[in-house]
Amino acid sequence: MPGLSDGTNNYPGHIIPATIAAMVRLPLTSAEVERGRRLGALLRRARGERSMLETALDARVSPETLRKIETGRVATPAFPTVAAIASVLGLSLDAVWAEIDQTEPGVNPADSGEHARDRLAS
């Protein structure tokens, strides 16, 4: 793919090594952003009156990470992070997934990555 490993890119005079170019993150789809919002709302509801600091420390994540997840600013947090927070809040991962994976009518979840290369190229 031109621009990634052949030394060409959008920054003339600069070469981006293939190892760095492979680390480019694809833009999130609107469905992924919405799923992140639902995850954040679920965790916030489950936390209830418990402090964010206490919850974060018990889950061994930073309070800032928990805050970003709860507000939807981190729409796709790492699995171990979600698992740790869910465990501290007494939520099963099955229950978390059932709550946040609400696909829109007429949208096939298997197609979500179909245009990933197009999103990367834009």
# chains A, B, ... in the order shown; residues from 1 in each chain; ligands from 1
call {"tool": "residues_around", "arguments": {"residues": "Thr55 in chain A", "least_positions_apart": "4", "cutoff": "9 Å", "atoms": "only C-alpha atoms", "output": "list in words"}}
result
Arg47, Arg50, Ser51, Ala59, Arg60, Val61, Pro63, Leu66, Ile85, Val88 and Leu89 of chain A
call {"tool": "write_last_selection", "arguments": {"atoms": "C-alpha atoms", "output": "tab-separated table (two decimals), in the first residue's frame"}}
result
chain	number	residue	atom	x	y	z
A	47	ARG	CA	-21.15	2.64	40.06
A	50	ARG	CA	-19.57	4.73	44.88
A	51	SER	CA	-16.78	7.25	44.24
A	59	ALA	CA	-10.07	-1.91	39.34
A	60	ARG	CA	-6.40	-0.86	39.14
A	61	VAL	CA	-7.06	1.77	36.48
A	63	PRO	CA	-9.43	7.66	37.77
A	66	LEU	CA	-12.50	5.61	34.26
A	85	ILE	CA	-14.08	-2.31	36.05
A	88	VAL	CA	-15.35	-4.33	40.66
A	89	LEU	CA	-18.91	-3.21	39.91
call {"tool": "residues_around", "arguments": {"residues": "range 69-74 of chain A", "least_positions_apart": "5", "cutoff": "10 Å", "atoms": "only C-alpha atoms", "output": "number ranges by chain"}}
result
A: 33-45, 52, 63-64, 81-82
call {"tool": "write_last_selection", "arguments": {"atoms": "C-alpha atoms", "output": "short mmCIF file (atom, residue, chain, number, x, y, z; two decimals), in the first residue's frame"}}
result
data_model
loop_
_atom_site.label_atom_id
_atom_site.label_comp_id
_atom_site.auth_asym_id
_atom_site.auth_seq_id
_atom_site.Cartn_x
_atom_site.Cartn_y
_atom_site.Cartn_z
CA VAL A 33 -18.81 5.76 19.27
CA GLU A 34 -22.41 5.05 20.29
CA ARG A 35 -21.38 1.71 21.84
CA GLY A 36 -18.75 3.58 23.86
CA ARG A 37 -21.40 5.99 25.11
CA ARG A 38 -23.63 3.11 26.15
CA LEU A 39 -20.70 1.42 27.93
CA GLY A 40 -19.90 4.62 29.81
CA ALA A 41 -23.52 5.14 30.85
CA LEU A 42 -23.80 1.53 32.01
CA LEU A 43 -20.66 1.76 34.14
CA ARG A 44 -21.77 5.07 35.61
CA ARG A 45 -25.18 3.63 36.56
CA MET A 52 -14.96 7.25 40.94
CA PRO A 63 -9.43 7.66 37.77
CA GLU A 64 -8.84 9.63 34.55
CA THR A 81 -9.77 -2.49 31.51
CA VAL A 82 -13.47 -3.16 30.90
#
call {"tool": "atom_distance", "arguments": {"atom1": "CA of Glu32 in chain A", "atom2": "CA of Ser87 in chain A"}}
result
22.4 Å
call {"tool": "select_by_dssp", "arguments": {"residues": "range 60-104 of chain A", "states": "helix (DSSP H, G or I)", "output": "list in words"}}
result
Pro63, Glu64, Thr65, Leu66, Arg67, Lys68, Ile69, Glu70, Phe79, Pro80, Thr81, Val82, Ala83, Ala84, Ile85, Ala86, Ser87, Val88, Leu93, Asp94, Ala95, Val96, Trp97, Ala98, Glu99 and Ile100 of chain A
call {"tool": "write_last_selection", "arguments": {"atoms": "N, CA and C atoms", "output": "PDB file, in the first residue's frame"}}
result
ATOM      1  N   PRO A  63      -8.128   6.983  37.744  1.00  0.00           N
ATOM      2  CA  PRO A  63      -9.432   7.662  37.775  1.00  0.00           C
ATOM      3  C   PRO A  63      -9.710   8.395  36.464  1.00  0.00           C
ATOM      4  N   GLU A  64      -8.667   8.928  35.832  1.00  0.00           N
ATOM      5  CA  GLU A  64      -8.837   9.627  34.554  1.00  0.00           C
ATOM      6  C   GLU A  64      -9.324   8.662  33.472  1.00  0.00           C
ATOM      7  N   THR A  65      -8.799   7.454  33.461  1.00  0.00           N
ATOM      8  CA  THR A  65      -9.255   6.450  32.489  1.00  0.00           C
ATOM      9  C   THR A  65     -10.720   6.130  32.716  1.00  0.00           C
ATOM     10  N   LEU A  66     -11.102   5.905  33.958  1.00  0.00           N
ATOM     11  CA  LEU A  66     -12.502   5.610  34.259  1.00  0.00           C
ATOM     12  C   LEU A  66     -13.394   6.780  33.866  1.00  0.00           C
ATOM     13  N   ARG A  67     -12.958   7.999  34.156  1.00  0.00           N
ATOM     14  CA  ARG A  67     -13.741   9.183  33.798  1.00  0.00           C
ATOM     15  C   ARG A  67     -13.937   9.267  32.280  1.00  0.00           C
ATOM     16  N   LYS A  68     -12.870   9.019  31.528  1.00  0.00           N
ATOM     17  CA  LYS A  68     -12.960   9.080  30.067  1.00  0.00           C
ATOM     18  C   LYS A  68     -13.891   7.998  29.516  1.00  0.00           C
ATOM     19  N   ILE A  69     -13.849   6.815  30.103  1.00  0.00           N
ATOM     20  CA  ILE A  69     -14.741   5.743  29.655  1.00  0.00           C
ATOM     21  C   ILE A  69     -16.184   6.102  29.982  1.00  0.00           C
ATOM     22  N   GLU A  70     -16.430   6.570  31.198  1.00  0.00           N
ATOM     23  CA  GLU A  70     -17.799   6.900  31.613  1.00  0.00           C
ATOM     24  C   GLU A  70     -18.396   8.035  30.797  1.00  0.00           C
ATOM     25  N   PHE A  79      -9.920  -4.450  26.522  1.00  0.00           N
ATOM     26  CA  PHE A  79     -10.730  -5.491  27.165  1.00  0.00           C
ATOM     27  C   PHE A  79     -10.375  -5.685  28.643  1.00  0.00           C
ATOM     28  N   PRO A  80      -9.063  -5.800  28.999  1.00  0.00           N
ATOM     29  CA  PRO A  80      -8.746  -5.994  30.422  1.00  0.00           C
ATOM     30  C   PRO A  80      -9.250  -4.841  31.296  1.00  0.00           C
ATOM     31  N   THR A  81      -9.277  -3.645  30.760  1.00  0.00           N
ATOM     32  CA  THR A  81      -9.771  -2.492  31.510  1.00  0.00           C
ATOM     33  C   THR A  81     -11.259  -2.632  31.781  1.00  0.00           C
ATOM     34  N   VAL A  82     -12.019  -2.969  30.738  1.00  0.00           N
ATOM     35  CA  VAL A  82     -13.465  -3.160  30.898  1.00  0.00           C
ATOM     36  C   VAL A  82     -13.741  -4.310  31.852  1.00  0.00           C
ATOM     37  N   ALA A  83     -12.999  -5.401  31.701  1.00  0.00           N
ATOM     38  CA  ALA A  83     -13.209  -6.569  32.563  1.00  0.00           C
ATOM     39  C   ALA A  83     -12.934  -6.234  34.027  1.00  0.00           C
ATOM     40  N   ALA A  84     -11.879  -5.468  34.280  1.00  0.00           N
ATOM     41  CA  ALA A  84     -11.532  -5.109  35.661  1.00  0.00           C
ATOM     42  C   ALA A  84     -12.599  -4.215  36.283  1.00  0.00           C
ATOM     43  N   ILE A  85     -13.055  -3.225  35.524  1.00  0.00           N
ATOM     44  CA  ILE A  85     -14.075  -2.311  36.046  1.00  0.00           C
ATOM     45  C   ILE A  85     -15.391  -3.062  36.264  1.00  0.00           C
ATOM     46  N   ALA A  86     -15.772  -3.880  35.303  1.00  0.00           N
ATOM     47  CA  ALA A  86     -17.012  -4.651  35.425  1.00  0.00           C
ATOM     48  C   ALA A  86     -16.958  -5.560  36.659  1.00  0.00           C
ATOM     49  N   SER A  87     -15.827  -6.190  36.884  1.00  0.00           N
ATOM     50  CA  SER A  87     -15.682  -7.072  38.037  1.00  0.00           C
ATOM     51  C   SER A  87     -15.867  -6.312  39.351  1.00  0.00           C
ATOM     52  N   VAL A  88     -15.239  -5.152  39.448  1.00  0.00           N
ATOM     53  CA  VAL A  88     -15.351  -4.333  40.658  1.00  0.00           C
ATOM     54  C   VAL A  88     -16.798  -3.905  40.883  1.00  0.00           C
ATOM     55  N   LEU A  93     -19.433  -9.871  32.191  1.00  0.00           N
ATOM     56  CA  LEU A  93     -19.105  -9.386  30.851  1.00  0.00           C
ATOM     57  C   LEU A  93     -20.240  -9.671  29.874  1.00  0.00           C
ATOM     58  N   ASP A  94     -20.968 -10.766  30.096  1.00  0.00           N
ATOM     59  CA  ASP A  94     -22.133 -11.053  29.254  1.00  0.00           C
ATOM     60  C   ASP A  94     -23.180  -9.956  29.389  1.00  0.00           C
ATOM     61  N   ALA A  95     -23.418  -9.516  30.616  1.00  0.00           N
ATOM     62  CA  ALA A  95     -24.407  -8.456  30.850  1.00  0.00           C
ATOM     63  C   ALA A  95     -23.943  -7.141  30.235  1.00  0.00           C
ATOM     64  N   VAL A  96     -22.648  -6.848  30.353  1.00  0.00           N
ATOM     65  CA  VAL A  96     -22.109  -5.621  29.761  1.00  0.00           C
ATOM     66  C   VAL A  96     -22.310  -5.654  28.255  1.00  0.00           C
ATOM     67  N   TRP A  97     -21.939  -6.763  27.612  1.00  0.00           N
ATOM     68  CA  TRP A  97     -22.052  -6.854  26.161  1.00  0.00           C
ATOM     69  C   TRP A  97     -23.515  -6.774  25.715  1.00  0.00           C
ATOM     70  N   ALA A  98     -24.389  -7.447  26.421  1.00  0.00           N
ATOM     71  CA  ALA A  98     -25.813  -7.421  26.063  1.00  0.00           C
ATOM     72  C   ALA A  98     -26.364  -6.000  26.124  1.00  0.00           C
ATOM     73  N   GLU A  99     -25.877  -5.225  27.077  1.00  0.00           N
ATOM     74  CA  GLU A  99     -26.342  -3.847  27.238  1.00  0.00           C
ATOM     75  C   GLU A  99     -25.808  -2.916  26.160  1.00  0.00           C
ATOM     76  N   ILE A 100     -24.549  -3.085  25.784  1.00  0.00           N
ATOM     77  CA  ILE A 100     -23.942  -2.116  24.871  1.00  0.00           C
ATOM     78  C   ILE A 100     -24.030  -2.499  23.404  1.00  0.00           C
TER      79      ILE A 100
END
